[in-house]
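Chemist: This is the content of run_1.cif (mmCIF, C-alpha atoms):
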```
data_protein
loop_
_atom_site.label_atom_id
_atom_site.label_comp_id
_atom_site.auth_asym_id
_atom_site.auth_seq_id
_atom_site.Cartn_x
_atom_site.Cartn_y
_atom_site.Cartn_z
CA MET U 1155 22.80 33.29 -17.85
CA SER U 1156 19.06 32.87 -17.56
CA THR U 1157 17.71 32.92 -14.06
CA VAL U 1158 16.49 29.77 -12.43
CA ASP U 1159 13.98 29.96 -9.63
CA PHE U 1160 14.92 27.73 -6.77
CA LEU U 1161 11.92 26.28 -4.97
CA ALA U 1162 12.72 24.57 -1.67
CA PRO U 1163 9.51 23.27 -0.11
CA ARG U 1164 9.68 21.95 3.45
CA THR U 1165 6.66 19.67 3.30
CA TRP U 1166 5.12 17.35 0.74
CA GLU U 1167 2.00 19.53 0.56
CA GLU U 1168 4.15 22.56 -0.25
CA ALA U 1169 5.99 20.56 -2.90
CA LEU U 1170 2.75 19.48 -4.59
CA ALA U 1171 1.42 23.03 -4.48
CA ALA U 1172 4.68 24.32 -5.98
CA LYS U 1173 4.56 21.74 -8.78
CA ALA U 1174 0.93 22.58 -9.52
CA GLU U 1175 1.78 26.25 -9.80
CA ARG U 1176 5.08 25.74 -11.62
CA ARG U 1177 4.67 22.82 -13.98
CA ASP U 1178 7.91 23.92 -15.65
CA ALA U 1179 9.87 23.25 -12.46
CA LEU U 1180 12.33 20.39 -12.73
CA PRO U 1181 12.37 18.23 -9.59
CA ILE U 1182 15.82 17.60 -8.15
CA ALA U 1183 16.77 15.21 -5.37
CA GLY U 1184 20.24 13.64 -5.44
CA GLY U 1185 21.06 15.63 -8.57
CA THR U 1186 23.01 12.79 -10.15
CA ASP U 1187 21.02 13.08 -13.39
CA VAL U 1188 19.67 16.64 -13.23
CA MET U 1189 22.99 18.35 -12.51
CA VAL U 1190 24.71 16.61 -15.43
CA GLU U 1191 22.12 18.13 -17.73
CA LEU U 1192 22.58 21.57 -16.16
CA ASN U 1193 26.38 21.40 -16.13
CA PHE U 1194 26.45 20.54 -19.83
CA ASP U 1195 23.82 23.09 -20.82
CA ARG U 1196 21.53 20.37 -22.10
CA ARG U 1197 18.66 21.75 -20.12
CA ARG U 1198 17.75 25.17 -18.78
CA PRO U 1199 14.71 24.70 -16.56
CA ALA U 1200 12.86 27.85 -15.52
CA ALA U 1201 12.84 26.51 -11.98
CA LEU U 1202 14.35 23.78 -9.86
CA LEU U 1203 12.15 22.08 -7.28
CA ASP U 1204 14.44 20.81 -4.53
CA LEU U 1205 12.97 17.77 -2.80
CA THR U 1206 15.80 17.15 -0.33
CA ARG U 1207 14.26 19.13 2.53
CA ILE U 1208 11.11 17.05 2.74
CA GLY U 1209 11.78 14.65 5.61
CA GLU U 1210 8.99 12.20 4.83
CA LEU U 1211 10.39 11.54 1.33
CA ALA U 1212 13.53 10.10 2.91
CA GLU U 1213 11.63 7.64 5.10
CA TRP U 1214 10.61 4.05 4.52
CA GLY U 1215 8.34 1.71 6.38
CA SER U 1216 5.76 -1.06 6.14
CA ASP U 1217 2.46 -0.36 4.44
CA GLY U 1218 0.41 -3.50 5.03
CA SER U 1219 2.06 -6.35 3.19
CA VAL U 1220 4.43 -4.12 1.20
CA LEU U 1221 7.42 -1.93 1.94
CA ARG U 1222 6.89 1.72 1.23
CA ILE U 1223 10.13 3.40 0.19
CA GLY U 1224 10.05 7.18 0.08
CA ALA U 1225 11.19 8.55 -3.27
CA GLY U 1226 14.09 10.33 -1.56
CA VAL U 1227 15.72 7.29 0.09
CA SER U 1228 19.30 7.05 -1.18
CA TYR U 1229 20.79 3.95 -2.76
CA ARG U 1230 23.21 3.75 0.13
CA ARG U 1231 20.42 3.56 2.70
CA LEU U 1232 18.51 1.12 0.52
CA ILE U 1233 21.51 -1.22 0.57
CA GLU U 1234 22.21 -0.79 4.27
CA GLU U 1235 18.67 -0.71 5.64
CA LEU U 1236 16.61 -2.76 3.17
CA GLY U 1237 19.14 -5.15 1.62
CA GLY U 1238 17.80 -8.10 3.62
CA ARG U 1239 14.18 -7.65 2.59
CA LEU U 1240 14.78 -6.49 -0.97
CA PRO U 1241 17.91 -8.35 -2.07
CA GLY U 1242 17.30 -7.88 -5.81
CA LEU U 1243 16.89 -4.13 -5.53
CA ALA U 1244 19.89 -3.92 -3.20
CA MET U 1245 22.07 -5.86 -5.67
CA ALA U 1246 21.11 -3.42 -8.40
CA ALA U 1247 21.70 -0.46 -6.06
CA ARG U 1248 25.25 -1.70 -5.40
CA THR U 1249 26.00 -1.40 -9.11
CA VAL U 1250 24.88 2.24 -9.26
CA GLY U 1251 27.76 4.64 -9.89
CA SER U 1252 30.17 4.93 -7.00
CA ALA U 1253 29.93 5.48 -3.25
CA GLN U 1254 29.55 9.22 -3.87
CA ILE U 1255 26.69 8.64 -6.31
CA ARG U 1256 24.96 6.09 -4.06
CA ASN U 1257 25.07 8.61 -1.20
CA ARG U 1258 22.95 11.00 -3.26
CA GLY U 1259 21.04 9.07 -5.91
CA THR U 1260 17.51 7.85 -5.19
CA VAL U 1261 15.13 5.29 -6.65
CA GLY U 1262 12.58 8.08 -7.05
CA GLY U 1263 15.05 9.94 -9.22
CA ASN U 1264 15.82 6.82 -11.21
CA LEU U 1265 12.11 6.45 -11.99
CA GLY U 1266 11.72 10.16 -12.71
CA SER U 1267 14.55 10.10 -15.24
CA ALA U 1268 12.94 6.98 -16.76
CA SER U 1269 16.08 5.93 -18.56
CA PRO U 1270 15.78 2.50 -20.19
CA ALA U 1271 19.12 1.78 -18.49
CA GLY U 1272 18.05 2.73 -14.96
CA ASP U 1273 19.57 0.14 -12.63
CA ALA U 1274 16.64 0.02 -10.20
CA HIS U 1275 14.06 -0.67 -12.87
CA PRO U 1276 14.63 -4.39 -13.61
CA PRO U 1277 14.40 -5.49 -9.95
CA LEU U 1278 11.35 -3.26 -9.41
CA LEU U 1279 9.71 -4.91 -12.43
CA ALA U 1280 10.67 -8.38 -11.22
CA ALA U 1281 9.22 -7.61 -7.78
CA ALA U 1282 5.97 -6.21 -9.25
CA ALA U 1283 6.51 -2.89 -7.51
CA THR U 1284 4.10 0.02 -7.69
CA VAL U 1285 4.92 3.70 -8.01
CA GLN U 1286 2.90 6.12 -5.92
CA VAL U 1287 2.60 9.48 -7.63
CA ALA U 1288 0.82 12.53 -6.31
CA SER U 1289 -0.39 15.98 -7.23
CA VAL U 1290 -2.75 18.49 -5.68
CA ARG U 1291 -5.45 16.57 -7.58
CA GLY U 1292 -4.78 13.43 -5.58
CA THR U 1293 -2.66 10.30 -5.34
CA ARG U 1294 -2.51 7.35 -7.70
CA ARG U 1295 -0.61 4.10 -7.85
CA VAL U 1296 0.92 2.90 -11.08
CA PRO U 1297 2.45 -0.57 -11.54
CA VAL U 1298 6.10 -0.18 -12.55
CA ALA U 1299 5.33 -2.21 -15.69
CA GLU U 1300 2.98 0.59 -16.77
CA PHE U 1301 5.05 3.52 -15.55
CA PHE U 1302 7.47 3.88 -18.47
CA THR U 1303 6.14 5.02 -21.83
CA GLY U 1304 9.38 5.44 -23.81
CA PRO U 1305 13.03 6.40 -23.46
CA LYS U 1306 13.13 8.96 -20.62
CA ARG U 1307 9.34 9.20 -20.67
CA SER U 1308 6.81 8.10 -18.10
CA VAL U 1309 3.14 8.46 -17.22
CA LEU U 1310 4.00 11.28 -14.81
CA ALA U 1311 1.81 14.33 -15.51
CA PRO U 1312 3.39 17.82 -15.47
CA ASP U 1313 1.92 18.58 -12.05
CA GLU U 1314 2.79 15.21 -10.51
CA LEU U 1315 5.68 14.13 -8.31
CA ILE U 1316 6.86 10.65 -7.38
CA GLU U 1317 6.08 10.09 -3.71
CA ALA U 1318 7.06 6.50 -2.96
CA ILE U 1319 7.74 3.06 -4.31
CA LEU U 1320 5.72 0.15 -2.93
CA VAL U 1321 7.52 -3.17 -3.08
CA PRO U 1322 6.55 -6.54 -1.64
CA PRO U 1323 9.41 -7.95 0.45
CA ALA U 1324 11.20 -10.83 -1.25
CA ALA U 1325 9.24 -14.09 -0.98
CA GLY U 1326 12.15 -16.15 -2.29
CA PRO U 1327 15.47 -15.77 -4.10
CA GLN U 1328 16.14 -12.61 -6.09
CA GLN U 1329 19.08 -11.94 -8.38
CA PHE U 1330 20.36 -9.12 -10.56
CA ALA U 1331 23.20 -8.94 -13.06
CA LYS U 1332 24.45 -6.19 -15.31
CA VAL U 1333 26.89 -6.00 -18.21
CA GLY U 1334 29.25 -3.06 -18.45
CA THR U 1335 32.86 -2.23 -19.15
CA ARG U 1336 33.75 -2.23 -15.46
CA ASN U 1337 32.09 -3.00 -12.14
CA ALA U 1338 31.56 0.62 -11.08
CA MET U 1339 30.56 3.90 -12.68
CA VAL U 1340 28.97 2.25 -15.64
CA ILE U 1341 25.69 2.63 -17.48
CA ALA U 1342 24.26 -0.80 -18.17
CA VAL U 1343 24.89 -2.29 -21.59
CA CYS U 1344 22.09 -4.59 -20.54
CA SER U 1345 20.83 -5.90 -17.22
CA PHE U 1346 18.48 -8.54 -15.91
CA ALA U 1347 16.62 -9.19 -12.67
CA ILE U 1348 14.76 -12.29 -11.51
CA SER U 1349 12.52 -12.80 -8.52
CA LEU U 1350 11.14 -16.16 -7.37
CA ASP U 1351 8.13 -16.46 -5.08
CA ARG U 1352 8.64 -19.76 -3.28
CA GLU U 1353 5.11 -20.23 -1.92
CA ARG U 1354 3.13 -19.16 -4.97
CA GLN U 1355 5.65 -20.58 -7.44
CA ALA U 1356 5.47 -17.28 -9.26
CA VAL U 1357 8.27 -15.66 -11.25
CA GLY U 1358 9.11 -12.03 -11.93
CA THR U 1359 11.63 -10.72 -14.44
CA GLY U 1360 12.95 -7.37 -15.56
CA ILE U 1361 15.15 -6.47 -18.52
CA GLY U 1362 17.14 -3.24 -18.54
CA SER U 1363 18.82 -1.27 -21.33
CA ALA U 1364 17.59 -3.51 -24.12
CA ALA U 1365 14.30 -1.93 -25.18
CA PRO U 1366 12.81 1.60 -25.30
CA THR U 1367 11.66 1.01 -21.72
CA PRO U 1368 12.54 -1.52 -19.05
CA VAL U 1369 10.43 -4.61 -19.83
CA ARG U 1370 9.39 -7.94 -18.36
CA ALA U 1371 9.98 -11.26 -20.10
CA LEU U 1372 6.49 -12.70 -19.72
CA ALA U 1373 6.95 -15.90 -21.73
CA ALA U 1374 10.11 -16.68 -19.75
CA GLU U 1375 8.20 -16.14 -16.51
CA GLN U 1376 5.45 -18.52 -17.63
CA LEU U 1377 7.97 -21.18 -18.63
CA LEU U 1378 9.47 -21.20 -15.14
CA ALA U 1379 6.16 -21.00 -13.32
CA ALA U 1380 5.16 -24.24 -15.06
CA ALA U 1381 8.39 -26.05 -14.10
CA ARG U 1382 8.88 -28.44 -11.17
CA TRP U 1383 10.23 -26.29 -8.31
CA ASP U 1384 11.25 -29.16 -6.04
CA ARG U 1385 14.18 -30.34 -8.13
CA PRO U 1386 17.04 -29.01 -10.25
CA LEU U 1387 15.94 -27.38 -13.48
CA PRO U 1388 16.57 -29.44 -16.61
CA GLU U 1389 19.26 -27.84 -18.74
CA PRO U 1390 16.94 -27.40 -21.76
CA THR U 1391 14.60 -25.33 -19.54
CA VAL U 1392 17.47 -23.08 -18.52
CA GLU U 1393 18.47 -22.69 -22.18
CA LYS U 1394 14.89 -21.94 -23.19
CA PHE U 1395 14.57 -19.39 -20.39
CA GLY U 1396 17.60 -17.54 -21.77
CA GLU U 1397 16.17 -17.60 -25.27
CA LEU U 1398 12.79 -16.29 -24.14
CA VAL U 1399 14.40 -13.45 -22.17
CA ALA U 1400 16.49 -12.44 -25.18
CA ALA U 1401 13.39 -12.62 -27.38
CA ALA U 1402 11.48 -10.31 -25.03
CA ALA U 1403 14.04 -7.54 -25.58
CA SER U 1404 14.07 -5.15 -28.53
CA PRO U 1405 17.55 -3.70 -28.33
CA ILE U 1406 19.23 -1.19 -30.61
CA ASP U 1407 22.81 -0.57 -31.73
CA ASP U 1408 24.28 2.36 -29.83
CA VAL U 1409 27.58 3.62 -28.44
CA ARG U 1410 27.58 1.06 -25.65
CA ALA U 1411 26.88 -2.11 -27.65
CA THR U 1412 25.21 -3.63 -30.67
CA ALA U 1413 21.71 -5.04 -30.55
CA ALA U 1414 23.06 -8.50 -31.35
CA TYR U 1415 25.51 -8.35 -28.44
CA ARG U 1416 22.78 -7.21 -26.08
CA ARG U 1417 20.52 -10.12 -27.02
CA ARG U 1418 23.34 -12.60 -26.60
CA ALA U 1419 24.46 -11.12 -23.27
CA LEU U 1420 20.89 -11.03 -21.97
CA ALA U 1421 20.49 -14.76 -22.57
CA VAL U 1422 23.72 -15.33 -20.62
CA LEU U 1423 22.60 -13.09 -17.74
CA ALA U 1424 19.19 -14.77 -17.68
CA ARG U 1425 20.65 -18.29 -17.49
CA ARG U 1426 23.22 -17.25 -14.91
CA THR U 1427 20.85 -15.44 -12.55
CA LEU U 1428 18.29 -18.25 -12.93
CA ARG U 1429 20.87 -20.84 -11.87
CA TRP U 1430 21.90 -18.72 -8.87
CA ALA U 1431 18.30 -18.15 -7.83
CA TRP U 1432 17.29 -21.80 -8.32
CA GLU U 1433 20.25 -22.92 -6.24
CA GLU U 1434 19.01 -20.67 -3.42
CA LEU U 1435 15.56 -22.29 -3.57
CA ARG U 1436 16.93 -25.59 -2.35
CA MET C 189 20.11 33.93 -4.67
CA ARG C 190 22.02 34.28 -1.44
CA ILE C 191 23.57 31.08 -0.09
CA THR C 192 24.59 30.70 3.53
CA VAL C 193 26.49 27.51 4.23
CA THR C 194 28.92 26.20 6.81
CA VAL C 195 32.18 25.35 5.08
CA ASN C 196 35.02 23.77 7.03
CA GLY C 197 33.38 24.88 10.27
CA GLN C 198 32.91 28.52 9.27
CA GLN C 199 29.69 30.16 8.21
CA ARG C 200 30.12 31.51 4.70
CA GLN C 201 27.87 33.57 2.50
CA ALA C 202 27.71 34.13 -1.22
CA ASP C 203 25.45 36.53 -3.09
CA HIS C 204 24.08 36.49 -6.63
CA VAL C 205 24.46 32.74 -6.83
CA TRP C 206 22.83 31.21 -9.90
CA ALA C 207 20.48 28.55 -8.51
CA GLY C 208 21.47 26.03 -11.15
CA GLU C 209 25.20 26.23 -10.50
CA SER C 210 26.95 23.44 -8.67
CA LEU C 211 28.34 23.30 -5.17
CA LEU C 212 31.70 22.81 -6.86
CA TYR C 213 31.41 26.16 -8.65
CA LEU C 214 30.28 27.81 -5.43
CA LEU C 215 33.30 26.47 -3.55
CA ARG C 216 35.92 27.20 -6.19
CA GLU C 217 34.74 30.39 -7.82
CA ARG C 218 32.82 32.16 -5.08
CA LEU C 219 34.34 30.98 -1.82
CA GLY C 220 37.97 30.71 -2.92
CA LEU C 221 38.40 27.04 -2.09
CA PRO C 222 40.11 25.39 -5.07
CA GLY C 223 40.91 22.10 -3.31
CA ALA C 224 38.02 20.20 -4.87
CA LYS C 225 38.88 19.88 -8.55
CA ASN C 226 36.73 20.34 -11.59
CA ALA C 227 37.15 17.68 -14.25
CA CYS C 228 34.20 15.74 -15.63
CA GLU C 229 31.25 17.67 -14.19
CA GLN C 230 29.15 14.51 -14.38
CA GLY C 231 30.05 12.54 -11.27
CA GLU C 232 32.33 10.12 -13.08
CA CYS C 233 35.77 11.12 -11.84
CA GLY C 234 35.43 11.92 -8.13
CA SER C 235 37.94 14.81 -8.25
CA CYS C 236 35.36 17.13 -6.69
CA THR C 237 34.53 14.84 -3.75
CA VAL C 238 33.64 16.76 -0.58
CA TYR C 239 31.68 15.93 2.55
CA LEU C 240 28.11 17.22 2.58
CA ASP C 241 26.57 16.80 6.04
CA GLY C 242 29.17 14.11 6.71
CA GLU C 243 28.71 12.07 3.52
CA PRO C 244 31.12 12.08 0.58
CA VAL C 245 29.43 13.45 -2.53
CA CYS C 246 30.44 14.78 -5.91
CA ALA C 247 30.23 18.55 -5.47
CA CYS C 248 29.55 18.93 -9.19
CA LEU C 249 26.22 17.09 -8.76
CA VAL C 250 24.86 19.15 -5.88
CA ALA C 251 22.93 22.28 -6.82
CA ALA C 252 24.17 25.34 -4.95
CA GLY C 253 20.68 26.00 -3.64
CA GLN C 254 20.59 22.56 -2.05
CA VAL C 255 23.39 23.38 0.41
CA GLN C 256 21.55 26.32 1.96
CA GLY C 257 22.11 25.97 5.73
CA ARG C 258 24.01 22.72 5.37
CA SER C 259 27.56 21.78 6.27
CA VAL C 260 30.37 21.13 3.80
CA THR C 261 33.89 19.92 4.49
CA THR C 262 36.47 20.18 1.73
CA VAL C 263 40.01 18.83 1.61
CA GLU C 264 41.18 22.20 2.95
CA GLY C 265 39.17 21.58 6.11
CA LEU C 266 40.40 18.09 6.95
CA ALA C 267 42.27 18.29 10.20
CA ALA C 268 43.76 14.81 10.18
CA GLN C 269 47.03 14.61 8.28
CA ARG C 270 47.38 10.83 8.44
CA VAL C 271 45.91 10.16 5.00
CA GLN C 272 47.72 13.03 3.28
CA GLN C 273 51.06 11.97 4.79
CA ALA C 274 50.55 8.36 3.71
CA PHE C 275 49.82 9.51 0.13
CA LEU C 276 53.09 11.47 0.04
CA GLU C 277 55.17 8.68 1.53
CA ALA C 278 53.72 5.96 -0.69
CA GLY C 279 54.22 7.95 -3.91
CA ALA C 280 50.46 8.08 -4.46
CA VAL C 281 50.62 11.71 -5.64
CA GLN C 282 51.82 12.39 -9.15
CA CYS C 283 50.10 15.25 -10.93
CA GLY C 284 47.93 15.67 -7.85
CA PHE C 285 44.69 16.48 -9.61
CA CYS C 286 42.75 13.50 -8.30
CA THR C 287 44.38 13.65 -4.86
CA PRO C 288 41.95 15.94 -2.98
CA GLY C 289 38.98 13.78 -3.98
CA LEU C 290 40.83 10.62 -3.08
CA ILE C 291 41.86 12.06 0.30
CA ILE C 292 38.21 12.66 1.18
CA ALA C 293 37.18 9.21 -0.06
CA VAL C 294 39.95 7.50 1.92
CA HIS C 295 39.30 9.65 4.99
CA ASP C 296 35.66 8.52 4.91
CA LEU C 297 36.57 4.88 4.29
CA LEU C 298 38.98 4.74 7.24
CA ALA C 299 36.49 6.53 9.50
CA ARG C 300 33.90 3.83 8.77
CA THR C 301 36.25 0.86 8.28
CA PRO C 302 39.56 1.34 10.12
CA ARG C 303 41.11 -1.88 8.70
CA PRO C 304 39.65 -2.29 5.21
CA GLY C 305 40.49 -5.27 3.03
CA ASP C 306 41.71 -4.66 -0.53
CA ALA C 307 38.26 -5.35 -1.97
CA GLU C 308 36.71 -2.79 0.36
CA VAL C 309 39.34 -0.22 -0.61
CA ARG C 310 38.72 -0.80 -4.32
CA GLU C 311 34.96 -0.54 -3.81
CA ALA C 312 35.30 2.66 -1.78
CA LEU C 313 37.60 4.29 -4.34
CA ALA C 314 35.77 3.07 -7.46
CA GLY C 315 34.40 6.56 -8.04
CA ASN C 316 37.78 8.32 -8.03
CA LEU C 317 39.74 8.23 -11.26
CA CYS C 318 43.51 8.69 -11.41
CA ARG C 319 45.20 8.88 -14.79
CA CYS C 320 48.81 8.86 -13.49
CA THR C 321 49.52 6.30 -10.84
CA GLY C 322 47.87 3.11 -12.05
CA TYR C 323 46.29 3.00 -8.57
CA GLU C 324 48.84 0.63 -7.00
CA LYS C 325 50.56 3.43 -5.07
CA ILE C 326 47.18 4.72 -3.98
CA LEU C 327 46.29 1.29 -2.59
CA ASP C 328 49.69 1.27 -0.84
CA ALA C 329 48.88 4.66 0.68
CA VAL C 330 45.55 3.44 2.03
CA ARG C 331 47.21 0.37 3.57
CA LEU C 332 49.88 2.61 5.08
CA ALA C 333 47.35 5.06 6.52
CA ALA C 334 45.26 2.20 7.91
CA SER C 335 48.30 0.68 9.63
CA ARG C 336 49.02 3.83 11.64
#
```
Hey, can you dump this file as structure tokens for me?

Modeler:
Amino acid sequence: MSTVDFLAPRTWEEALAAKAERRDALPIAGGTDVMVELNFDRRRPAALLDLTRIGELAEWGSDGSVLRIGAGVSYRRLIEELGGRLPGLAMAARTVGSAQIRNRGTVGGNLGSASPAGDAHPPLLAAAATVQVASVRGTRRVPVAEFFTGPKRSVLAPDELIEAILVPPAAGPQQFAKVGTRNAMVIAVCSFAISLDRERQAVGTGIGSAAPTPVRALAAEQLLAAARWDRPLPEPTVEKFGELVAAAASPIDDVRATAAYRRRALAVLARRTLRWAWEELR
Amino acid sequence: MRITVTVNGQQRQADHVWAGESLLYLLRERLGLPGAKNACEQGECGSCTVYLDGEPVCACLVAAGQVQGRSVTTVEGLAAQRVQQAFLEAGAVQCGFCTPGLIIAVHDLLARTPRPGDAEVREALAGNLCRCTGYEKILDAVRLAASR
């Protein structure tokens, strides 16, 4: 068995220095993705960079008008501590794996893995979240919509680590729905998140597992933004919203579902979550 | 690498640990604790559930290096017999392979929620697969343990 160096920095500065020196080090936090790859011999990193001893990564707080969630905050804590302020993200977090997985898995890890099916991605897109990444060269902030570059690929440079996620607290109803073969322990066949900003009459959307990366449905957002928000939505608008969300996806046939099924299911999820969210507006 | 970890209240040490191996491997193959079971190795089945610093986790998804200096409790280290006894009485143990993981999951559930409703039980045990019982006897066992 090849050796693996185990790097266990105690501070963020040490972690950035370690990543700069060892660009081949694979970051590990909750391990819910990384360990599967190691257990099945799909990956043999020269080094593991353990991020679980860095206290500040597991903290969250307010940063001006946005919430700053450390990359190492677990899904469980997200649900328990931030569910009221970030209902869409919390709903998605509840669908992640099982209790055991939610105790370990982190949003930072979800972003790092950059799977098109990552459960946190649609609500982060819908909420117009920003990813803060850092290296010894400095810190930069990347909108979630620009973070993913392809299946399991992101803009993260080899010497960079994900530090935090910046999310505006919900300014109105947020919803999330996911299709899978059961309610737990399931990778999304497709998923959809919607976020309504009551004051600004602005709409955010996020589509998961139906394109090479998580994507927004911009035309669907524009349709809703132009609607009358003080009354029930006309049924044709709801129908059109579903169609525009399905059209924004570019799904493929794979082991979990066909592309045609994904498009159809997305339209259903879009209409359903829109109705729920609109009902909450009133 | 050398790993020093508190397991079931005792400080244990293992040498020549491969940093990429799992906590599950460390427990079973190096520390002689076969209670946590090895099945899927991808966090799907829950048979390897142990407490890590008081939280139930899949031991197969924790890197051995990550438990350095931390505290692990396996099914062997659970003092309370209430859950185990309820499983036996309710017929919730058939082949027994999933049982250790379920015992930890139920132990944790009842510690946090002494009188869980059926939905809470199903949610708490969603990450523990059983291929024998059809789960009904397991639900009976949880209700029985909660009633005592």

Chemist: Using the chain letters and numbers from this file, what does the PyMOL selection byres ((chain C) within 7 of (chain U)) select? Give the answer as number ranges by chain.

Modeler: C: 206-208, 229-230, 232, 243-246, 249-251, 253-254, 312, 314-315

Chemist: Write to file, as a PDB file, keeping the file's coordinate frame, the residues of the selection just made, with C-alpha atoms.

Modeler:
```
ATOM      1  CA  TRP C 206      22.830  31.210  -9.900  1.00  0.00           C
ATOM      2  CA  ALA C 207      20.480  28.550  -8.510  1.00  0.00           C
ATOM      3  CA  GLY C 208      21.470  26.030 -11.150  1.00  0.00           C
ATOM      4  CA  GLU C 229      31.250  17.670 -14.190  1.00  0.00           C
ATOM      5  CA  GLN C 230      29.150  14.510 -14.380  1.00  0.00           C
ATOM      6  CA  GLU C 232      32.330  10.120 -13.080  1.00  0.00           C
ATOM      7  CA  GLU C 243      28.710  12.070   3.520  1.00  0.00           C
ATOM      8  CA  PRO C 244      31.120  12.080   0.580  1.00  0.00           C
ATOM      9  CA  VAL C 245      29.430  13.450  -2.530  1.00  0.00           C
ATOM     10  CA  CYS C 246      30.440  14.780  -5.910  1.00  0.00           C
ATOM     11  CA  LEU C 249      26.220  17.090  -8.760  1.00  0.00           C
ATOM     12  CA  VAL C 250      24.860  19.150  -5.880  1.00  0.00           C
ATOM     13  CA  ALA C 251      22.930  22.280  -6.820  1.00  0.00           C
ATOM     14  CA  GLY C 253      20.680  26.000  -3.640  1.00  0.00           C
ATOM     15  CA  GLN C 254      20.590  22.560  -2.050  1.00  0.00           C
ATOM     16  CA  ALA C 312      35.300   2.660  -1.780  1.00  0.00           C
ATOM     17  CA  ALA C 314      35.770   3.070  -7.460  1.00  0.00           C
ATOM     18  CA  GLY C 315      34.400   6.560  -8.040  1.00  0.00           C
TER      19      GLY C 315
END
```

Chemist: Counting all atoms listed in the file, which residue out of U:Lys1332, U:Arg1197, U:Lys1394, U:Arg1417 sits closest to Ala1365 (chain U)?

Modeler: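 When distances to Ala1365 (chain U) are compared using all atoms listed in the file, the smallest one comes from U:Arg1417.
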
Chemist: I'd like to see the residues matched by the PyMOL selection byres ((chain U and resi 1294-1308) around 6) on this file, and ideally I'd get them as a ChimeraX atom specification.

Modeler: /U:1267-1270,1279,1283-1287,1293,1309-1310,1366-1367

Chemist: Can you work out which one of C:Gly257, C:Cys233, C:Glu264, C:Val330 has the shortest atom-to-atom distance to Gly220 (chain C), counting all atoms listed in the file?

Modeler: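 Selected residue with least distance to Gly220 (chain C): C:Glu264.
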
Chemist: Using all atoms listed in the file for the distances, tell me which of C:Ala267, C:Ala252, C:Leu332, C:Ala299 is nearest to Glu209 (chain C).

Modeler: C:Ala252

Chemist: If you measure from CA of Gln272 (chain C) to CA of Thr301 (chain C), what distance in Å do you get, rounded to one decimal?

Modeler: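 So the two atoms, CA of Gln272 (chain C) and CA of Thr301 (chain C), lie 17.5 Å apart.
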
Chemist: Translate the PyMOL selection byres ((chain C and resi 275-280) around 7), as applied to the file shown, into an explicit residue set as a ChimeraX atom specification.

Modeler: /C:271-274,281-282,321,325-326,328-329

Chemist: I need every residue sitting at most 12 Å from the point (21.4, -9.1, -1.8) (coordinates as in the file, all atoms listed in the file considered), written as a PyMOL selection string.

Modeler: chain U and resi 1232-1249+1277+1324+1326-1331+1347+1349+1430-1431+1434

Chemist: Could you check how far CA of Leu1378 (chain U) sits from CA of Glu1353 (chain U), in Å to one decimal?

Modeler: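 If I compute the distance from CA of Leu1378 (chain U) to CA of Glu1353 (chain U), I get 14.0 Å.
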
Chemist: Of the candidates U:Ser1363, U:Leu1423, U:Ile1319, U:Trp1383, which one gets nearest to Ala1403 (chain U) if we count all atoms listed in the file?

Modeler: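 Comparing U:Ser1363, U:Leu1423, U:Ile1319, U:Trp1383 against Ala1403 (chain U), the winner is U:Ser1363.
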
Chemist: Can you tell me which residues surround Gly242 (chain C) at a distance of at most 12 Å, considering only C-alpha atoms, apart from same-chain residues fewer than 2 positions away, and format the answer as a list in words?

Modeler: Gln1254 and Asn1257 of chain U; Val195, Asn196, Thr237, Val238, Tyr239, Leu240, Pro244, Val245, Arg258, Ser259, Val260, Thr261, Thr262, Leu266, Ile292, Ala293, His295, Asp296, Ala299 and Arg300 of chain C

Chemist: Kindly give the distance, in Å, that separates CA of Gly1396 (chain U) and CA of Leu1278 (chain U), rounded to a single decimal.

Modeler: 19.9 Å

Chemist: Identify which of the residues C:Ile291, C:Val255, C:Ala224, C:Cys318 lies closest to Ala202 (chain C), counting only C-alpha atoms when measuring atom-to-atom distances.

Modeler: C:Val255

Chemist: Using only C-alpha atoms - which residues lie no farther than 6 Å from the point (22.0, 34.7, -6.7) in the file's frame? Write them as a PyMOL selection string.

Modeler: chain C and resi 189-190+203-206

Chemist: Pick out the residues sitting within 10 Å of Pro1312 (chain U), and hand them over as a ChimeraX atom specification; count only C-alpha atoms, and ignore anything fewer than 5 positions along from it in its own chain.

Modeler: /U:1173-1174,1176-1180,1289
